[in-house]
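Peer 1: Below: one structure in structure tokens.
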Amino acid sequence: MKTKFLVVIAATSAFVSALSSVIVAPANAQVAATNNVAVTLTVPEVLYLRTVSTIDLDLTTADLSSQTFTANGSGFYGSDKSGTANSTTSGLDTTSPFNNNGTNLTVTKTIPQVFAVWSNSPRGAGINVSVAPGTSSTLTGANSSTATLTNGAANPNFANVPGLVTPFIGGVDLSVDVGGNGIAQAGAYTGADINITATAN
């Protein structure tokens, strides 16, 4: 009897094992819904101007004269000769060897890298840069000697919209009168300034 009972248990166990291998757990059903959602972006218009803080107009002897000068101590010297003098006439040439313009001596210098502009303007008409007199155009030096800024311009003064990575870079042309009512003495001059404006068109 005991043997029959063990056979029944063994048969039952085999049946349960076989049945469990046949039965598969039901799959989880998926439910999905999709919408197409529009995305918009607003980028602000910006314009950024960076300039140098100071422009040094360092003049050379070539800026003042086409004559040849030789360095000597803290300055330069030059000389020439022409004509003949006698007891009744003088052949001395009194024409100034310097680059005169009437009674003035005006020098124009180009400073190549003075400003940088970044802009993402959407107008498509580019960027303009202008130079205008600031609070003062007078430069004062030793013994109250003065020089005067007479003109200024951006160089170049226009570029296509550069974007916000690589800037529009430019310089300025500045004209300074170092003659005026007299001769501007040698030395450092300070006191003048200019305004640089960038405009997105």
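Naming scheme: A, B, ... for chains in displayed order of the structure tokens; residues 1 onward per chain; ligands 1 onward as shown.
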Skip Arg50 (chain A) itself and residues of its chain fewer than 2 positions away, then list as a count of residues only all residues within 10 Å of it, counting only C-alpha atoms.
Peer 2: 12
Peer 1: Using the chain letters and numbers from this document, which residues of region 15-103 of chain A does DSSP assign to helix (DSSP H, G or I), as a ChimeraX atom specification?
Peer 2: /A:15-22,61-64
Peer 1: Ser79 (chain A): which residues within 12 Å, counting only C-alpha atoms, same-chain residues fewer than 4 positions away excluded, as a VMD selection string?
Peer 2: chain A and resid 65 to 70 96 to 97
Peer 1: Counting only C-alpha atoms, which residue out of A:Gly179, A:Gly171, A:Gly163, A:Gly141 sits closest to Asn100 (chain A)?
Peer 2: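 For Asn100 (chain A), the nearest of the given residues is A:Gly179.
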Peer 1: List every residue of region 32-74 of chain A that has an atom at most 12 Å from any atom of region 186-192 of chain A, giving for each one its closest atom pair and the distance in Å to one decimal, counting only C-alpha atoms, sorted by chain and then by ascending residue number, as CSV.
Peer 2:
```
residue,atom,partner,partner_atom,distance
A:Thr54,CA,A:Ala192,CA,10.3
A:Ile55,CA,A:Ala192,CA,10.2
A:Asp56,CA,A:Tyr189,CA,9.7
A:Leu57,CA,A:Tyr189,CA,9.5
A:Asp58,CA,A:Ala188,CA,9.2
A:Leu59,CA,A:Ala186,CA,10.3
A:Thr60,CA,A:Ala186,CA,11.4
A:Thr61,CA,A:Ala186,CA,11.5
A:Leu64,CA,A:Ala186,CA,11.9
A:Ser74,CA,A:Ala186,CA,10.3
```
Peer 1: Considering only strand (DSSP E) as DSSP defines it on the backbone, what residues of region 6-183 of chain A qualify? List them as a PyMOL selection string.
Peer 2: chain A and resi 47-51+70-72+75-77+106-119+127-133+138-140+146-155+158-159+163-177
Peer 1: Put those residues in a file: C-alpha atoms, as an mmCIF file, in the first residue's frame.
Peer 2:
```
data_model
loop_
_atom_site.group_PDB
_atom_site.id
_atom_site.type_symbol
_atom_site.label_atom_id
_atom_site.label_comp_id
_atom_site.auth_asym_id
_atom_site.auth_seq_id
_atom_site.Cartn_x
_atom_site.Cartn_y
_atom_site.Cartn_z
ATOM 1 C CA LEU A 47 24.780 93.922 -29.512
ATOM 2 C CA TYR A 48 28.035 94.089 -27.581
ATOM 3 C CA LEU A 49 30.824 96.646 -28.107
ATOM 4 C CA ARG A 50 34.293 96.284 -26.638
ATOM 5 C CA THR A 51 36.924 99.016 -27.070
ATOM 6 C CA THR A 70 69.014 110.967 -36.555
ATOM 7 C CA ALA A 71 68.412 109.851 -32.981
ATOM 8 C CA ASN A 72 70.375 111.915 -30.491
ATOM 9 C CA GLY A 75 65.337 113.320 -29.350
ATOM 10 C CA PHE A 76 66.253 113.550 -33.018
ATOM 11 C CA TYR A 77 68.107 116.047 -35.163
ATOM 12 C CA THR A 106 48.108 118.014 -38.975
ATOM 13 C CA VAL A 107 49.028 114.366 -38.656
ATOM 14 C CA THR A 108 46.669 111.462 -39.365
ATOM 15 C CA LYS A 109 47.379 108.120 -37.742
ATOM 16 C CA THR A 110 45.645 104.755 -38.197
ATOM 17 C CA ILE A 111 45.255 102.626 -35.083
ATOM 18 C CA PRO A 112 44.360 99.175 -36.487
ATOM 19 C CA GLN A 113 42.581 97.391 -33.602
ATOM 20 C CA VAL A 114 40.467 99.582 -31.361
ATOM 21 C CA PHE A 115 37.026 97.947 -31.218
ATOM 22 C CA ALA A 116 35.267 94.592 -31.465
ATOM 23 C CA VAL A 117 31.524 94.148 -32.013
ATOM 24 C CA TRP A 118 29.311 91.086 -31.547
ATOM 25 C CA SER A 119 25.714 91.153 -32.787
ATOM 26 C CA ILE A 127 26.721 96.856 -38.307
ATOM 27 C CA ASN A 128 27.948 100.459 -38.491
ATOM 28 C CA VAL A 129 30.624 101.908 -36.229
ATOM 29 C CA SER A 130 31.085 105.660 -35.882
ATOM 30 C CA VAL A 131 33.612 107.881 -34.136
ATOM 31 C CA ALA A 132 32.637 111.274 -32.701
ATOM 32 C CA PRO A 133 34.280 113.874 -30.457
ATOM 33 C CA THR A 138 42.162 119.318 -26.602
ATOM 34 C CA LEU A 139 45.374 117.578 -25.569
ATOM 35 C CA THR A 140 47.564 119.441 -23.082
ATOM 36 C CA THR A 146 48.261 122.092 -26.682
ATOM 37 C CA ALA A 147 47.350 119.878 -29.615
ATOM 38 C CA THR A 148 43.867 119.277 -31.016
ATOM 39 C CA LEU A 149 42.036 116.222 -32.305
ATOM 40 C CA THR A 150 40.507 117.446 -35.549
ATOM 41 C CA ASN A 151 38.934 114.339 -37.061
ATOM 42 C CA GLY A 152 38.154 110.720 -36.324
ATOM 43 C CA ALA A 153 36.663 107.829 -38.279
ATOM 44 C CA ALA A 154 36.198 104.091 -37.829
ATOM 45 C CA ASN A 155 38.292 101.959 -40.186
ATOM 46 C CA PHE A 158 30.794 98.660 -41.672
ATOM 47 C CA ALA A 159 30.519 94.883 -41.583
ATOM 48 C CA GLY A 163 27.111 86.795 -34.827
ATOM 49 C CA LEU A 164 28.053 86.083 -31.222
ATOM 50 C CA VAL A 165 31.295 84.125 -31.661
ATOM 51 C CA THR A 166 33.663 85.873 -34.076
ATOM 52 C CA PRO A 167 33.490 89.689 -33.758
ATOM 53 C CA PHE A 168 33.694 92.511 -36.276
ATOM 54 C CA ILE A 169 37.099 94.063 -35.501
ATOM 55 C CA GLY A 170 38.199 97.505 -36.625
ATOM 56 C CA GLY A 171 40.393 100.500 -35.906
ATOM 57 C CA VAL A 172 40.212 104.260 -36.112
ATOM 58 C CA ASP A 173 41.832 106.999 -38.143
ATOM 59 C CA LEU A 174 42.616 110.010 -35.959
ATOM 60 C CA SER A 175 43.870 113.399 -37.103
ATOM 61 C CA VAL A 176 45.666 115.647 -34.654
ATOM 62 C CA ASP A 177 46.813 119.240 -35.155
#
```
Peer 1: So which one's closest to Asp193 (chain A), A:Ser137, A:Asn120, A:Ser144, A:Asn104? Using only C-alpha atoms, please.
Peer 2: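 Answer, going by the shortest atom-to-atom distance: A:Ser137.
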Peer 1: If I take CA of Gly73 (chain A) and CA of Leu92 (chain A), how far is one from the other in Å, to one decimal?
Peer 2: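 Pair CA of Gly73 (chain A) / CA of Leu92 (chain A) returns 28.5 Å.
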Peer 1: List the neighbours of Asn160 (chain A) out to 8 Å using only C-alpha atoms; skip same-chain residues closer than 4 positions along the sequence, and give me the result as a list in words.
Peer 2: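 Neighbouring residues, sequence-local ones excluded: Gly124, Ala125, Gly126 and Ile127 of chain A.
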